[in-house]
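Text of the file run-v3.cif, holding mmCIF, N, CA and C atoms:
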```
data_my_file
loop_
_atom_site.label_atom_id
_atom_site.label_comp_id
_atom_site.auth_asym_id
_atom_site.auth_seq_id
_atom_site.Cartn_x
_atom_site.Cartn_y
_atom_site.Cartn_z
N MET I 1 19.87 -2.20 59.63
CA MET I 1 20.24 -3.37 58.85
C MET I 1 20.87 -2.96 57.53
N ASP I 2 20.23 -2.00 56.82
CA ASP I 2 20.76 -1.57 55.53
C ASP I 2 22.12 -0.91 55.67
N LYS I 3 22.33 -0.15 56.77
CA LYS I 3 23.61 0.52 56.96
C LYS I 3 24.72 -0.50 57.22
N LYS I 4 24.39 -1.60 57.89
CA LYS I 4 25.39 -2.64 58.13
C LYS I 4 25.79 -3.31 56.82
N ILE I 5 24.80 -3.57 55.96
CA ILE I 5 25.09 -4.20 54.67
C ILE I 5 25.95 -3.28 53.81
N ILE I 6 25.63 -2.00 53.82
CA ILE I 6 26.41 -1.04 53.04
C ILE I 6 27.84 -0.96 53.58
N LEU I 7 27.98 -0.95 54.89
CA LEU I 7 29.32 -0.91 55.50
C LEU I 7 30.12 -2.16 55.14
N ILE I 8 29.50 -3.32 55.22
CA ILE I 8 30.18 -4.56 54.87
C ILE I 8 30.58 -4.55 53.39
N ALA I 9 29.69 -4.08 52.53
CA ALA I 9 29.99 -4.02 51.10
C ALA I 9 31.16 -3.08 50.83
N LYS I 10 31.21 -1.95 51.53
CA LYS I 10 32.32 -1.02 51.35
C LYS I 10 33.64 -1.63 51.81
N ILE I 11 33.62 -2.31 52.95
CA ILE I 11 34.83 -2.94 53.46
C ILE I 11 35.33 -4.01 52.49
N VAL I 12 34.42 -4.84 52.00
CA VAL I 12 34.80 -5.89 51.04
C VAL I 12 35.35 -5.26 49.76
N ALA I 13 34.70 -4.20 49.28
CA ALA I 13 35.16 -3.54 48.06
C ALA I 13 36.55 -2.95 48.24
N PHE I 14 36.78 -2.28 49.35
CA PHE I 14 38.11 -1.71 49.59
C PHE I 14 39.17 -2.80 49.73
N ALA I 15 38.82 -3.89 50.40
CA ALA I 15 39.78 -5.00 50.55
C ALA I 15 40.12 -5.60 49.19
N LEU I 16 39.12 -5.78 48.33
CA LEU I 16 39.39 -6.33 47.01
C LEU I 16 40.21 -5.38 46.15
N VAL I 17 39.95 -4.08 46.27
CA VAL I 17 40.76 -3.10 45.54
C VAL I 17 42.20 -3.13 46.03
N ALA I 18 42.40 -3.24 47.35
CA ALA I 18 43.74 -3.31 47.90
C ALA I 18 44.48 -4.54 47.39
N VAL I 19 43.80 -5.69 47.39
CA VAL I 19 44.42 -6.93 46.90
C VAL I 19 44.75 -6.79 45.42
N ALA I 20 43.85 -6.20 44.65
CA ALA I 20 44.10 -6.01 43.22
C ALA I 20 45.29 -5.10 42.99
N LEU I 21 45.43 -4.04 43.80
CA LEU I 21 46.58 -3.15 43.66
C LEU I 21 47.88 -3.87 44.00
N ILE I 22 47.85 -4.70 45.01
CA ILE I 22 49.05 -5.46 45.37
C ILE I 22 49.46 -6.36 44.21
N PHE I 23 48.50 -7.07 43.63
CA PHE I 23 48.82 -7.93 42.49
C PHE I 23 49.27 -7.13 41.28
N LEU I 24 48.69 -5.96 41.08
CA LEU I 24 49.12 -5.11 39.97
C LEU I 24 50.58 -4.70 40.15
N ILE I 25 50.94 -4.30 41.34
CA ILE I 25 52.33 -3.93 41.62
C ILE I 25 53.25 -5.13 41.41
N LEU I 26 52.83 -6.30 41.91
CA LEU I 26 53.65 -7.51 41.71
C LEU I 26 53.80 -7.83 40.23
N LEU I 27 52.75 -7.65 39.46
CA LEU I 27 52.84 -7.92 38.02
C LEU I 27 53.71 -6.89 37.31
N LEU I 28 53.69 -5.64 37.76
CA LEU I 28 54.56 -4.64 37.16
C LEU I 28 56.02 -4.91 37.47
N VAL I 29 56.29 -5.43 38.67
CA VAL I 29 57.66 -5.75 39.04
C VAL I 29 58.16 -6.98 38.29
N ASN I 30 57.31 -8.02 38.20
CA ASN I 30 57.71 -9.27 37.55
C ASN I 30 56.58 -9.76 36.66
N PRO I 31 56.49 -9.24 35.41
CA PRO I 31 55.35 -9.54 34.56
C PRO I 31 55.26 -10.99 34.08
N THR I 32 56.31 -11.76 34.21
CA THR I 32 56.29 -13.13 33.70
C THR I 32 56.10 -14.17 34.80
N SER I 33 55.81 -13.74 36.01
CA SER I 33 55.67 -14.67 37.13
C SER I 33 54.34 -15.43 37.03
N ASP I 34 54.44 -16.74 36.83
CA ASP I 34 53.24 -17.56 36.74
C ASP I 34 52.50 -17.64 38.07
N ALA I 35 53.25 -17.62 39.17
CA ALA I 35 52.63 -17.71 40.49
C ALA I 35 51.75 -16.48 40.75
N VAL I 36 52.26 -15.30 40.41
CA VAL I 36 51.50 -14.07 40.63
C VAL I 36 50.25 -14.07 39.75
N ILE I 37 50.42 -14.47 38.50
CA ILE I 37 49.27 -14.49 37.59
C ILE I 37 48.23 -15.51 38.06
N GLY I 38 48.67 -16.67 38.51
CA GLY I 38 47.74 -17.68 39.01
C GLY I 38 46.98 -17.21 40.24
N ASN I 39 47.69 -16.58 41.17
CA ASN I 39 47.03 -16.06 42.37
C ASN I 39 46.09 -14.91 42.02
N TYR I 40 46.51 -14.09 41.06
CA TYR I 40 45.66 -12.98 40.62
C TYR I 40 44.37 -13.52 40.02
N LEU I 41 44.47 -14.56 39.21
CA LEU I 41 43.27 -15.17 38.63
C LEU I 41 42.39 -15.80 39.70
N THR I 42 43.00 -16.39 40.71
CA THR I 42 42.22 -16.97 41.81
C THR I 42 41.40 -15.88 42.52
N VAL I 43 42.03 -14.75 42.78
CA VAL I 43 41.32 -13.64 43.40
C VAL I 43 40.21 -13.13 42.47
N ALA I 44 40.49 -13.09 41.18
CA ALA I 44 39.48 -12.65 40.22
C ALA I 44 38.29 -13.60 40.22
N TYR I 45 38.55 -14.91 40.28
CA TYR I 45 37.46 -15.88 40.32
C TYR I 45 36.64 -15.74 41.60
N ILE I 46 37.31 -15.52 42.71
CA ILE I 46 36.60 -15.34 43.99
C ILE I 46 35.74 -14.08 43.92
N THR I 47 36.30 -13.00 43.38
CA THR I 47 35.55 -11.76 43.24
C THR I 47 34.33 -11.95 42.34
N PHE I 48 34.54 -12.66 41.24
CA PHE I 48 33.42 -12.94 40.34
C PHE I 48 32.36 -13.77 41.05
N GLY I 49 32.77 -14.74 41.84
CA GLY I 49 31.83 -15.56 42.60
C GLY I 49 31.02 -14.72 43.58
N ILE I 50 31.69 -13.81 44.27
CA ILE I 50 31.00 -12.92 45.21
C ILE I 50 29.98 -12.07 44.45
N ALA I 51 30.37 -11.57 43.28
CA ALA I 51 29.46 -10.74 42.49
C ALA I 51 28.25 -11.54 42.03
N VAL I 52 28.47 -12.78 41.61
CA VAL I 52 27.35 -13.61 41.15
C VAL I 52 26.40 -13.92 42.31
N VAL I 53 26.96 -14.28 43.45
CA VAL I 53 26.12 -14.61 44.61
C VAL I 53 25.30 -13.40 45.04
N THR I 54 25.93 -12.23 45.13
CA THR I 54 25.18 -11.05 45.54
C THR I 54 24.18 -10.63 44.48
N ALA I 55 24.52 -10.82 43.21
CA ALA I 55 23.58 -10.48 42.14
C ALA I 55 22.36 -11.39 42.15
N LEU I 56 22.49 -12.57 42.69
CA LEU I 56 21.36 -13.49 42.79
C LEU I 56 20.58 -13.33 44.09
N ILE I 57 21.28 -13.09 45.19
CA ILE I 57 20.63 -13.06 46.50
C ILE I 57 19.87 -11.75 46.74
N PHE I 58 20.50 -10.60 46.46
CA PHE I 58 19.87 -9.33 46.79
C PHE I 58 18.56 -9.10 46.04
N PRO I 59 18.44 -9.42 44.77
CA PRO I 59 17.13 -9.24 44.13
C PRO I 59 16.05 -10.14 44.75
N ILE I 60 16.42 -11.36 45.13
CA ILE I 60 15.44 -12.26 45.76
C ILE I 60 14.97 -11.68 47.09
N VAL I 61 15.91 -11.19 47.90
CA VAL I 61 15.55 -10.59 49.19
C VAL I 61 14.67 -9.36 48.96
N HIS I 62 15.02 -8.55 47.96
CA HIS I 62 14.23 -7.35 47.67
C HIS I 62 12.83 -7.72 47.19
N MET I 63 12.71 -8.78 46.37
CA MET I 63 11.39 -9.20 45.91
C MET I 63 10.52 -9.70 47.05
N ILE I 64 11.13 -10.39 47.99
CA ILE I 64 10.36 -10.88 49.14
C ILE I 64 9.88 -9.72 50.00
N SER I 65 10.73 -8.70 50.16
CA SER I 65 10.35 -7.57 51.01
C SER I 65 9.47 -6.57 50.27
N ASN I 66 9.42 -6.61 48.93
CA ASN I 66 8.62 -5.68 48.15
C ASN I 66 7.91 -6.43 47.03
N PRO I 67 6.80 -7.12 47.34
CA PRO I 67 6.13 -7.95 46.33
C PRO I 67 5.55 -7.16 45.15
N LYS I 68 5.11 -5.91 45.39
CA LYS I 68 4.58 -5.12 44.27
C LYS I 68 5.68 -4.80 43.26
N GLY I 69 6.87 -4.52 43.76
CA GLY I 69 8.00 -4.28 42.87
C GLY I 69 8.40 -5.55 42.13
N ALA I 70 8.17 -6.70 42.76
CA ALA I 70 8.51 -7.97 42.13
C ALA I 70 7.64 -8.21 40.90
N VAL I 71 6.39 -7.78 40.96
CA VAL I 71 5.51 -7.94 39.80
C VAL I 71 6.03 -7.11 38.63
N LYS I 72 6.46 -5.88 38.91
CA LYS I 72 7.02 -5.02 37.86
C LYS I 72 8.30 -5.64 37.29
N ALA I 73 9.14 -6.16 38.15
CA ALA I 73 10.37 -6.80 37.68
C ALA I 73 10.06 -8.03 36.84
N PHE I 74 9.07 -8.79 37.27
CA PHE I 74 8.68 -9.98 36.52
C PHE I 74 8.17 -9.58 35.13
N LEU I 75 7.39 -8.51 35.05
CA LEU I 75 6.90 -8.03 33.75
C LEU I 75 8.07 -7.58 32.87
N GLY I 76 9.08 -6.97 33.46
CA GLY I 76 10.26 -6.57 32.71
C GLY I 76 11.01 -7.77 32.14
N VAL I 77 11.14 -8.81 32.96
CA VAL I 77 11.82 -10.04 32.50
C VAL I 77 11.02 -10.69 31.38
N VAL I 78 9.70 -10.72 31.53
CA VAL I 78 8.85 -11.30 30.48
C VAL I 78 8.99 -10.49 29.19
N ALA I 79 9.04 -9.17 29.30
CA ALA I 79 9.18 -8.32 28.11
C ALA I 79 10.51 -8.61 27.41
N ILE I 80 11.58 -8.75 28.16
CA ILE I 80 12.89 -9.07 27.55
C ILE I 80 12.85 -10.45 26.91
N LEU I 81 12.21 -11.42 27.55
CA LEU I 81 12.12 -12.75 26.96
C LEU I 81 11.31 -12.73 25.66
N VAL I 82 10.23 -11.95 25.64
CA VAL I 82 9.43 -11.84 24.41
C VAL I 82 10.25 -11.18 23.31
N LEU I 83 10.98 -10.12 23.65
CA LEU I 83 11.84 -9.48 22.66
C LEU I 83 12.93 -10.43 22.17
N GLY I 84 13.46 -11.23 23.09
CA GLY I 84 14.47 -12.23 22.69
C GLY I 84 13.89 -13.26 21.74
N LEU I 85 12.69 -13.71 22.02
CA LEU I 85 12.03 -14.68 21.14
C LEU I 85 11.76 -14.08 19.76
N ILE I 86 11.28 -12.85 19.73
CA ILE I 86 11.05 -12.16 18.45
C ILE I 86 12.37 -12.02 17.70
N SER I 87 13.42 -11.64 18.41
CA SER I 87 14.73 -11.49 17.78
C SER I 87 15.20 -12.80 17.19
N TYR I 88 15.00 -13.89 17.90
CA TYR I 88 15.43 -15.20 17.42
C TYR I 88 14.62 -15.63 16.20
N LEU I 89 13.33 -15.35 16.23
CA LEU I 89 12.48 -15.75 15.11
C LEU I 89 12.83 -15.01 13.82
N PHE I 90 13.31 -13.78 13.94
CA PHE I 90 13.68 -13.01 12.76
C PHE I 90 15.14 -13.18 12.36
N ALA I 91 15.92 -13.89 13.16
CA ALA I 91 17.34 -14.09 12.85
C ALA I 91 17.49 -15.14 11.75
N THR I 92 18.42 -14.87 10.85
CA THR I 92 18.69 -15.81 9.77
C THR I 92 20.19 -16.02 9.64
N ASN I 93 20.56 -17.08 8.95
CA ASN I 93 21.95 -17.34 8.65
C ASN I 93 22.24 -16.75 7.27
N GLU I 94 23.10 -15.77 7.22
CA GLU I 94 23.42 -15.09 5.97
C GLU I 94 24.66 -15.67 5.29
N PHE I 95 25.28 -16.67 5.89
CA PHE I 95 26.54 -17.21 5.38
C PHE I 95 26.32 -18.50 4.59
N THR I 96 27.19 -18.73 3.64
CA THR I 96 27.19 -20.00 2.92
C THR I 96 27.94 -21.03 3.76
N ALA I 97 27.86 -22.29 3.34
CA ALA I 97 28.56 -23.35 4.08
C ALA I 97 30.07 -23.12 4.08
N ILE I 98 30.59 -22.61 2.98
CA ILE I 98 32.04 -22.35 2.89
C ILE I 98 32.43 -21.23 3.85
N GLN I 99 31.63 -20.17 3.90
CA GLN I 99 31.92 -19.07 4.81
C GLN I 99 31.83 -19.51 6.27
N LEU I 100 30.83 -20.35 6.58
CA LEU I 100 30.70 -20.86 7.95
C LEU I 100 31.92 -21.69 8.33
N GLU I 101 32.39 -22.50 7.39
CA GLU I 101 33.57 -23.33 7.67
C GLU I 101 34.80 -22.45 7.87
N LYS I 102 34.93 -21.42 7.05
CA LYS I 102 36.06 -20.51 7.17
C LYS I 102 36.02 -19.77 8.51
N LEU I 103 34.83 -19.37 8.95
CA LEU I 103 34.67 -18.68 10.23
C LEU I 103 34.69 -19.63 11.42
N GLN I 104 34.62 -20.92 11.15
CA GLN I 104 34.63 -21.98 12.17
C GLN I 104 33.45 -21.85 13.13
N ILE I 105 32.26 -21.59 12.57
CA ILE I 105 31.04 -21.56 13.38
C ILE I 105 29.99 -22.40 12.68
N THR I 106 28.96 -22.73 13.40
CA THR I 106 27.86 -23.51 12.82
C THR I 106 26.74 -22.57 12.39
N GLU I 107 25.80 -23.12 11.66
CA GLU I 107 24.64 -22.33 11.23
C GLU I 107 23.84 -21.87 12.45
N SER I 108 23.72 -22.73 13.43
CA SER I 108 22.99 -22.39 14.66
C SER I 108 23.66 -21.23 15.39
N ALA I 109 24.98 -21.27 15.47
CA ALA I 109 25.71 -20.18 16.13
C ALA I 109 25.50 -18.87 15.39
N SER I 110 25.49 -18.93 14.06
CA SER I 110 25.26 -17.73 13.25
C SER I 110 23.87 -17.16 13.53
N ILE I 111 22.90 -18.03 13.67
CA ILE I 111 21.53 -17.57 13.97
C ILE I 111 21.47 -16.93 15.35
N TRP I 112 22.15 -17.54 16.33
CA TRP I 112 22.16 -16.97 17.68
C TRP I 112 22.84 -15.60 17.70
N VAL I 113 23.92 -15.45 16.94
CA VAL I 113 24.58 -14.14 16.85
C VAL I 113 23.63 -13.12 16.23
N GLY I 114 22.93 -13.53 15.17
CA GLY I 114 21.94 -12.65 14.55
C GLY I 114 20.84 -12.27 15.52
N ALA I 115 20.40 -13.23 16.33
CA ALA I 115 19.36 -12.94 17.33
C ALA I 115 19.86 -11.93 18.35
N GLY I 116 21.10 -12.09 18.77
CA GLY I 116 21.68 -11.14 19.72
C GLY I 116 21.78 -9.74 19.14
N LEU I 117 22.19 -9.67 17.87
CA LEU I 117 22.25 -8.37 17.21
C LEU I 117 20.85 -7.76 17.06
N ASN I 118 19.89 -8.57 16.66
CA ASN I 118 18.51 -8.07 16.55
C ASN I 118 18.01 -7.53 17.87
N LEU I 119 18.26 -8.28 18.96
CA LEU I 119 17.82 -7.84 20.29
C LEU I 119 18.49 -6.53 20.66
N THR I 120 19.78 -6.41 20.36
CA THR I 120 20.50 -5.17 20.65
C THR I 120 19.89 -4.00 19.88
N PHE I 121 19.59 -4.22 18.61
CA PHE I 121 18.98 -3.15 17.81
C PHE I 121 17.61 -2.77 18.35
N ILE I 122 16.79 -3.76 18.69
CA ILE I 122 15.45 -3.48 19.20
C ILE I 122 15.52 -2.68 20.51
N VAL I 123 16.35 -3.15 21.44
CA VAL I 123 16.47 -2.46 22.73
C VAL I 123 17.04 -1.06 22.54
N GLY I 124 18.01 -0.92 21.63
CA GLY I 124 18.57 0.41 21.36
C GLY I 124 17.55 1.37 20.80
N ILE I 125 16.76 0.90 19.84
CA ILE I 125 15.74 1.76 19.23
C ILE I 125 14.67 2.12 20.26
N VAL I 126 14.24 1.15 21.06
CA VAL I 126 13.24 1.43 22.10
C VAL I 126 13.79 2.44 23.11
N THR I 127 15.05 2.31 23.46
CA THR I 127 15.67 3.24 24.41
C THR I 127 15.71 4.66 23.84
N ILE I 128 16.11 4.78 22.58
CA ILE I 128 16.16 6.10 21.95
C ILE I 128 14.76 6.71 21.87
N LEU I 129 13.77 5.91 21.46
CA LEU I 129 12.40 6.42 21.38
C LEU I 129 11.87 6.81 22.75
N ALA I 130 12.20 6.04 23.78
CA ALA I 130 11.76 6.39 25.14
C ALA I 130 12.40 7.69 25.60
N ALA I 131 13.68 7.88 25.29
CA ALA I 131 14.35 9.12 25.67
C ALA I 131 13.73 10.32 24.96
N ILE I 132 13.43 10.16 23.67
CA ILE I 132 12.79 11.25 22.92
C ILE I 132 11.41 11.55 23.50
N PHE I 133 10.63 10.50 23.77
CA PHE I 133 9.29 10.67 24.33
C PHE I 133 9.35 11.39 25.68
N LEU I 134 10.28 10.96 26.55
CA LEU I 134 10.38 11.57 27.87
C LEU I 134 10.86 13.02 27.78
N ALA I 135 11.74 13.32 26.83
CA ALA I 135 12.18 14.72 26.66
C ALA I 135 11.03 15.60 26.18
N ILE I 136 10.26 15.10 25.24
CA ILE I 136 9.12 15.88 24.73
C ILE I 136 8.07 16.04 25.83
N ARG I 137 7.76 14.97 26.53
CA ARG I 137 6.78 15.05 27.61
C ARG I 137 7.24 15.98 28.71
N GLY I 138 8.52 15.94 29.03
CA GLY I 138 9.06 16.83 30.06
C GLY I 138 8.98 18.28 29.67
N SER I 139 9.24 18.59 28.40
CA SER I 139 9.17 19.98 27.96
C SER I 139 7.72 20.47 27.88
N ILE I 140 6.79 19.57 27.58
CA ILE I 140 5.38 19.95 27.52
C ILE I 140 4.81 20.18 28.91
N LEU I 141 5.20 19.34 29.88
CA LEU I 141 4.66 19.46 31.23
C LEU I 141 5.22 20.65 31.99
N LYS I 142 6.32 21.22 31.54
CA LYS I 142 6.88 22.40 32.24
C LYS I 142 6.04 23.56 31.97
#
```

structure tokens encoding of this file:
Amino acid sequence: MDKKIILIAKIVAFALVAVALIFLILLLVNPTSDAVIGNYLTVAYITFGIAVVTALIFPIVHMISNPKGAVKAFLGVVAILVLGLISYLFATNEFTAIQLEKLQITESASIWVGAGLNLTFIVGIVTILAAIFLAIRGSILK
């Protein structure tokens, strides 16, 4: 079963790459063709749809077939949600009303951007600390 899925995925990937190359050549020949650009975008939307569907279906199938792994994945999602909540709680709007108007964003949007940056910093720091810990542990266990 797994080999069939892998084979189908490879065939679909090669077909999409071939279609993308054809559109790339058409765009290089006639870069201002609206028809080529429209068709290229349609293929891109279809490809994105396939990616979204597979990104949603395969984890669900894997969780059903491996319930112990699903608990670990669920804990990971909960950890990210908790970090996101912490990031949002510490996010502030650093801009004045005039600056917000000049940037054409709202105070809420500024807070959400700050939360995203905070989450990125937290995950980055945790990743670096985990890499350092694993390197030290690996050198000690040798």

Å distance separating CA of Val36 in chain I from CA of Lys10 in chain I, one decimal place: 25.6 Å

Between atom N of Leu83 in chain I and atom N of Gly124 in chain I, measure the distance and give it in Å to one decimal. 11.8 Å

Within 9 Å of range 112-115 of chain I, which residues of range 14-88 of chain I show up? Give each one with its shortest atom-to-atom distance in Å (one decimal) and the two atoms involved, counting only C-alpha atoms, rows by chain then rising residue number, as CSV.
```
residue,atom,partner,partner_atom,distance
I:Gly84,CA,I:Ala115,CA,7.3
I:Leu85,CA,I:Ala115,CA,8.4
I:Ile86,CA,I:Ala115,CA,8.4
I:Ser87,CA,I:Ala115,CA,4.9
I:Tyr88,CA,I:Ala115,CA,4.5
```

What's the separation between atom C of Glu107 in chain I and atom N of Ile128 in chain I, in Å to one decimal place?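 Distance between the two atoms: 29.5 Å.
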
Which residues are close to range 22-29 of chain I, i.e. within 8 Å by only N, CA and C atoms, leaving aside same-chain residues fewer than 6 positions away? Reply as a ChimeraX atom specification. /I:16,36-37,39-40

Residues at most 12 Å from range 47-50 of chain I, counting only C-alpha atoms, excluding those fewer than 3 positions away in the same chain, as a list in words? Ala9, Val12, Ala13, Ala15, Leu16, Val17, Val19, Ala20, Tyr40, Leu41, Thr42, Val43, Ala44, Val53, Thr54, Ala55, Leu56, Ile57 and Phe58 of chain I
